[in-house]
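Enquirer: This is the structure, below, for whatever I ask next.
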There are 2 protein chains.
Amino acid sequence: MGRVFVVGVGMTKVGRFFDKSARELFAEALFNAVNDAGGLKPQALVVGNMTSSVLMEQDSLAALLADYSGLRGIPAFKVEAACGSGGAALYAGFSLVKSGLVDVVAVGGVEKLTENVTAMTTKALAQAADAEYELFYGASFAGLNAMIARLYMDTYGYTREDLAYWPLRMHEYASYNPYAQLPRKTTLETILNSSVIADPLHLYDCAPIGDGAAVAILVRGEEKAREINRALGREVLVEIAGIGYATDSVDLGSRRDLLKMESSIIASRKAYKMAGIAEKSIDYVEVHDAFHITGYLALEAMGFAGEGEAPKLWKEGRFAKGDRPEVNFSGGLKARGHPVGATGIYQLAEAVMQIRGDFPGYKASSPEVAATHNVGGVATFSIVSVLRRAT
Amino acid sequence: MGRVFVVGVGMTKVGRFFDKSARELFAEALFNAVNDAGGLKPQALVVGNMTSSVLMEQDSLAALLADYSGLRGIPAFKVEAACGSGGAALYAGFSLVKSGLVDVVAVGGVEKLTENVTAMTTKALAQAADAEYELFYGASFAGLNAMIARLYMDTYGYTREDLAYWPLRMHEYASYNPYAQLPRKTTLETILNSSVIADPLHLYDCAPIGDGAAVAILVRGEEKAREINRALGREVLVEIAGIGYATDSVDLGSRRDLLKMESSIIASRKAYKMAGIAEKSIDYVEVHDAFHITGYLALEAMGFAGEGEAPKLWKEGRFAKGDRPEVNFSGGLKARGHPVGATGIYQLAEAVMQIRGDFPGYKASSPEVAATHNVGGVATFSIVSVLRRAT
């Protein structure tokens, strides 16, 4: 069965676009991706999105985006897995080309979080929780993550300052990323003194609310991928060597251990196994840091740090340039931004560009193998991909 | 690459279940399907659903349903393509097993339309239209279909009575179906005198609002499917021999011809081609009759009637028992019911049972080849499957 390659990626800047609708953002990202793939036309479209039903009053989203992007008629559907919708779209799109149902697929994500008032956005995001067991009782998404951050700090003896080095570094990386929503450096003092969102999470510990769209073009078969590269004069091929997907209960009350991302542990091991690698072979990773605590737990779940050790290692300078793996040079969800259903595809696009050596921001050290880690809900969904350079 | 077989199907009765939540309905359908497949455990779940975000305030739906059904941990995502969400889930699930990502997949659909007040349900369903070009101006889903019915009647010279033979027959078929929402015969007089919904559509011309869930279990490889059959003492194998998917613009103002379901024409021809058949080989069909006009247009789009001819043929008694194809012996969306995102899987389950000869309602004449036709929006999405008996 043919191997699957990413032959084009495209993104919009993440931000608050009061003058651009979701269809306009998506068409821009799709155009960028198709252009990056030498004009190759997608035969199907899979779109990750979480909030269009509530914030835009729009279903039938995938057909609408296909039509507006000039692709009327092709098979198109939306995939929802909360904040992991982009990763889920990648998984579904990967199988569409791998199975032979189509030869070229566009996998994308789009989110328009500023379409409505902020209170409505908070409510829409809280729908990632269990409506009957959690949301009904007033749980917000930040609130649920705050409880986990508090438990983690209490269990392993960390202070707020210990954890604040995550956003500090993300802001620095984002300052080089032209697609980032918050492209500016910050200080520990600013982070620690920012306003409380849900104690112990303060404003700078959380990813911002933002709009954005990202698209990747996948094809089956090395020959086809090489042919596209030849026409573009591009040398590096990027293969999706492994992909893993796992879920957990939605309500946190049913979890076995709140300080382990079980779905990420399972998904990453599946992806490593499919790619035939161990975690130590991974040179570069984009992890899902909706909150700093999410980023730390992700590093532990993926096997890059022992339980309770990620913040300590991070503070010591690990996972920075020259280390293995290098982590989140995009600025992460924290500072690149987190347009929910698009995030998993932003990560894919960034990792692909880092492997190709043409990421227009803070550059990784020529990674051969990269991974992306996208999460939905409080690690209710985890999707991990392993990308490999094939020159 | 391995062929894909349906080895188990399960449904709930369609109805207004004030005492059952979506997760309970879905678990019931999944249990029935797994039981029908001899206890085979799904390795992944794809769920079609349209309205959970708006009517249930619930995202993360697929993980929630997997967990509640005893399948915590497996890859699971929701697929949205308006009323075609079930068909889209089938398409995505088909590719998951075909690609080898998993060996056994559950494709399902669930909708809980009575979770909220009726006005909210009408609004949620109207979100299948273009939010900016149509919904904003007050379009309802019945209203858009009413315009098409009016244009069809004017163009081909039909009266309301000419079209009323569709619901008449659907109610008769449904009277034999234990899963049907409206299992009772009716009369032409009752249909014609029922209250106006959106002129020229009256109550009996429209599918009802209902809750329901359906699930099918798919596997790759004839050997595996035969092994399951042997253990069950079941003789008939049902293969998904073809599947086609196409889309159109969401807003009707951009359509080329409102009286042709272009997406259904494309999707059905793709499915026929993949199965290596012509439409005349099809013995049995379940078509998407959200309104009687939708059913007639579907028969024309699939090649079973010329343009403008379906109501005439239907009134003459065509498409009934003994004809080819036999159509909608379940009672169709009209009378079996239309739990939106589940409908495409109900159709699949019914067609599979008709091929196996164990459908517990009005029986088809031993079909060898059957098809299902699921639509989202006003034929914005069309998904057609071709099923073949393989003893």
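By convention in this document, the chains of the structure tokens carry letters A, B, ... by their order, each chain's residues are numbered from 1, and ligands are numbered from 1 in the order they are shown.
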Could you write out as a PyMOL selection string the residues of chain A within 7 Å of chain B, counting only C-alpha atoms?

Expert: chain A and resi 53-54+57-60+63-64+67+72-82+88+92+95-96+98-99+127-128+130-131+245-250+263+380

Enquirer: Report, in Å to a single decimal, how far apart atom CA of Leu313 of chain B and atom CA of Pro167 of chain B are.

Expert: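 Between atom CA of Pro167 of chain B and atom CA of Leu313 of chain B the gap is 14.7 Å.
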
Enquirer: Any chance you could list, as an MDAnalysis selection string, the residues in segment 118-204 of chain B that come up strand (DSSP E or B) when DSSP is run on the backbone?

Expert: chainID B and resid 196:198 201:202

Enquirer: Write out as number ranges by chain the residues lying within 6 Å of segment 333-345 of chain B, counting only C-alpha atoms and excluding same-chain residues fewer than 2 positions away.

Expert: B: 48-50, 83, 85-87, 109-111, 170-171, 174, 180-182, 207-208, 210-214, 289-290, 331, 347-348, 374

Enquirer: By how many Å are atom CA of Ala231 of chain A and atom CA of Ala371 of chain A apart?

Expert: 27.1 Å

Enquirer: Within segment 5-81 of chain B, find each residue whose DSSP state, derived from the backbone, is helix (DSSP H, G or I), and express the selection as a PDB file with N, CA and C atoms, in the first residue's frame.

Expert:
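As written to disk, states23.pdb reads:
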ATOM      1  N   ALA B  22     -28.897  10.860  24.381  1.00  0.00           N
ATOM      2  CA  ALA B  22     -28.209  10.418  23.168  1.00  0.00           C
ATOM      3  C   ALA B  22     -27.243   9.282  23.477  1.00  0.00           C
ATOM      4  N   ARG B  23     -26.560   9.382  24.618  1.00  0.00           N
ATOM      5  CA  ARG B  23     -25.561   8.330  24.904  1.00  0.00           C
ATOM      6  C   ARG B  23     -26.260   6.988  25.155  1.00  0.00           C
ATOM      7  N   GLU B  24     -27.433   7.036  25.748  1.00  0.00           N
ATOM      8  CA  GLU B  24     -28.165   5.783  25.989  1.00  0.00           C
ATOM      9  C   GLU B  24     -28.671   5.174  24.686  1.00  0.00           C
ATOM     10  N   LEU B  25     -29.215   6.043  23.823  1.00  0.00           N
ATOM     11  CA  LEU B  25     -29.691   5.553  22.521  1.00  0.00           C
ATOM     12  C   LEU B  25     -28.539   4.939  21.731  1.00  0.00           C
ATOM     13  N   PHE B  26     -27.395   5.639  21.722  1.00  0.00           N
ATOM     14  CA  PHE B  26     -26.274   5.158  20.920  1.00  0.00           C
ATOM     15  C   PHE B  26     -25.753   3.830  21.453  1.00  0.00           C
ATOM     16  N   ALA B  27     -25.633   3.722  22.771  1.00  0.00           N
ATOM     17  CA  ALA B  27     -25.124   2.474  23.360  1.00  0.00           C
ATOM     18  C   ALA B  27     -26.045   1.306  23.016  1.00  0.00           C
ATOM     19  N   GLU B  28     -27.354   1.561  22.975  1.00  0.00           N
ATOM     20  CA  GLU B  28     -28.317   0.505  22.625  1.00  0.00           C
ATOM     21  C   GLU B  28     -28.084   0.021  21.181  1.00  0.00           C
ATOM     22  N   ALA B  29     -27.914   0.990  20.267  1.00  0.00           N
ATOM     23  CA  ALA B  29     -27.688   0.629  18.855  1.00  0.00           C
ATOM     24  C   ALA B  29     -26.352  -0.087  18.690  1.00  0.00           C
ATOM     25  N   LEU B  30     -25.333   0.405  19.387  1.00  0.00           N
ATOM     26  CA  LEU B  30     -24.013  -0.223  19.283  1.00  0.00           C
ATOM     27  C   LEU B  30     -24.046  -1.645  19.837  1.00  0.00           C
ATOM     28  N   PHE B  31     -24.718  -1.816  20.956  1.00  0.00           N
ATOM     29  CA  PHE B  31     -24.837  -3.159  21.540  1.00  0.00           C
ATOM     30  C   PHE B  31     -25.526  -4.094  20.549  1.00  0.00           C
ATOM     31  N   ASN B  32     -26.611  -3.630  19.940  1.00  0.00           N
ATOM     32  CA  ASN B  32     -27.327  -4.452  18.956  1.00  0.00           C
ATOM     33  C   ASN B  32     -26.417  -4.834  17.786  1.00  0.00           C
ATOM     34  N   ALA B  33     -25.600  -3.868  17.321  1.00  0.00           N
ATOM     35  CA  ALA B  33     -24.729  -4.122  16.170  1.00  0.00           C
ATOM     36  C   ALA B  33     -23.613  -5.103  16.533  1.00  0.00           C
ATOM     37  N   VAL B  34     -22.997  -4.902  17.682  1.00  0.00           N
ATOM     38  CA  VAL B  34     -21.912  -5.786  18.116  1.00  0.00           C
ATOM     39  C   VAL B  34     -22.459  -7.200  18.321  1.00  0.00           C
ATOM     40  N   ASN B  35     -23.641  -7.280  18.895  1.00  0.00           N
ATOM     41  CA  ASN B  35     -24.297  -8.566  19.102  1.00  0.00           C
ATOM     42  C   ASN B  35     -24.576  -9.245  17.761  1.00  0.00           C
ATOM     43  N   ASP B  36     -25.038  -8.452  16.795  1.00  0.00           N
ATOM     44  CA  ASP B  36     -25.340  -8.964  15.452  1.00  0.00           C
ATOM     45  C   ASP B  36     -24.060  -9.434  14.753  1.00  0.00           C
ATOM     46  N   SER B  52     -25.703  17.973  17.922  1.00  0.00           N
ATOM     47  CA  SER B  52     -25.361  17.847  19.351  1.00  0.00           C
ATOM     48  C   SER B  52     -24.801  19.140  19.928  1.00  0.00           C
ATOM     49  N   SER B  53     -24.062  19.900  19.115  1.00  0.00           N
ATOM     50  CA  SER B  53     -23.458  21.135  19.631  1.00  0.00           C
ATOM     51  C   SER B  53     -24.526  22.139  20.045  1.00  0.00           C
ATOM     52  N   VAL B  54     -25.597  22.216  19.255  1.00  0.00           N
ATOM     53  CA  VAL B  54     -26.627  23.231  19.498  1.00  0.00           C
ATOM     54  C   VAL B  54     -27.705  22.719  20.453  1.00  0.00           C
ATOM     55  N   LEU B  55     -28.192  21.511  20.236  1.00  0.00           N
ATOM     56  CA  LEU B  55     -29.335  21.030  21.020  1.00  0.00           C
ATOM     57  C   LEU B  55     -28.940  20.351  22.323  1.00  0.00           C
ATOM     58  N   LEU B  61     -18.282  14.567  21.211  1.00  0.00           N
ATOM     59  CA  LEU B  61     -19.358  13.568  21.202  1.00  0.00           C
ATOM     60  C   LEU B  61     -18.864  12.136  21.010  1.00  0.00           C
ATOM     61  N   ALA B  62     -17.922  11.951  20.085  1.00  0.00           N
ATOM     62  CA  ALA B  62     -17.534  10.583  19.731  1.00  0.00           C
ATOM     63  C   ALA B  62     -16.840   9.869  20.894  1.00  0.00           C
ATOM     64  N   ALA B  63     -15.980  10.587  21.615  1.00  0.00           N
ATOM     65  CA  ALA B  63     -15.301   9.971  22.765  1.00  0.00           C
ATOM     66  C   ALA B  63     -16.315   9.648  23.848  1.00  0.00           C
ATOM     67  N   LEU B  64     -17.265  10.540  24.036  1.00  0.00           N
ATOM     68  CA  LEU B  64     -18.303  10.327  25.041  1.00  0.00           C
ATOM     69  C   LEU B  64     -19.105   9.060  24.734  1.00  0.00           C
ATOM     70  N   LEU B  65     -19.485   8.894  23.466  1.00  0.00           N
ATOM     71  CA  LEU B  65     -20.272   7.719  23.081  1.00  0.00           C
ATOM     72  C   LEU B  65     -19.438   6.441  23.167  1.00  0.00           C
ATOM     73  N   ALA B  66     -18.166   6.526  22.769  1.00  0.00           N
ATOM     74  CA  ALA B  66     -17.295   5.355  22.855  1.00  0.00           C
ATOM     75  C   ALA B  66     -17.167   4.924  24.312  1.00  0.00           C
ATOM     76  N   ASP B  67     -16.903   5.889  25.192  1.00  0.00           N
ATOM     77  CA  ASP B  67     -16.714   5.580  26.614  1.00  0.00           C
ATOM     78  C   ASP B  67     -17.990   4.986  27.214  1.00  0.00           C
ATOM     79  N   TYR B  68     -19.114   5.620  26.939  1.00  0.00           N
ATOM     80  CA  TYR B  68     -20.389   5.165  27.527  1.00  0.00           C
ATOM     81  C   TYR B  68     -20.788   3.787  27.017  1.00  0.00           C
TER      82      TYR B  68
END
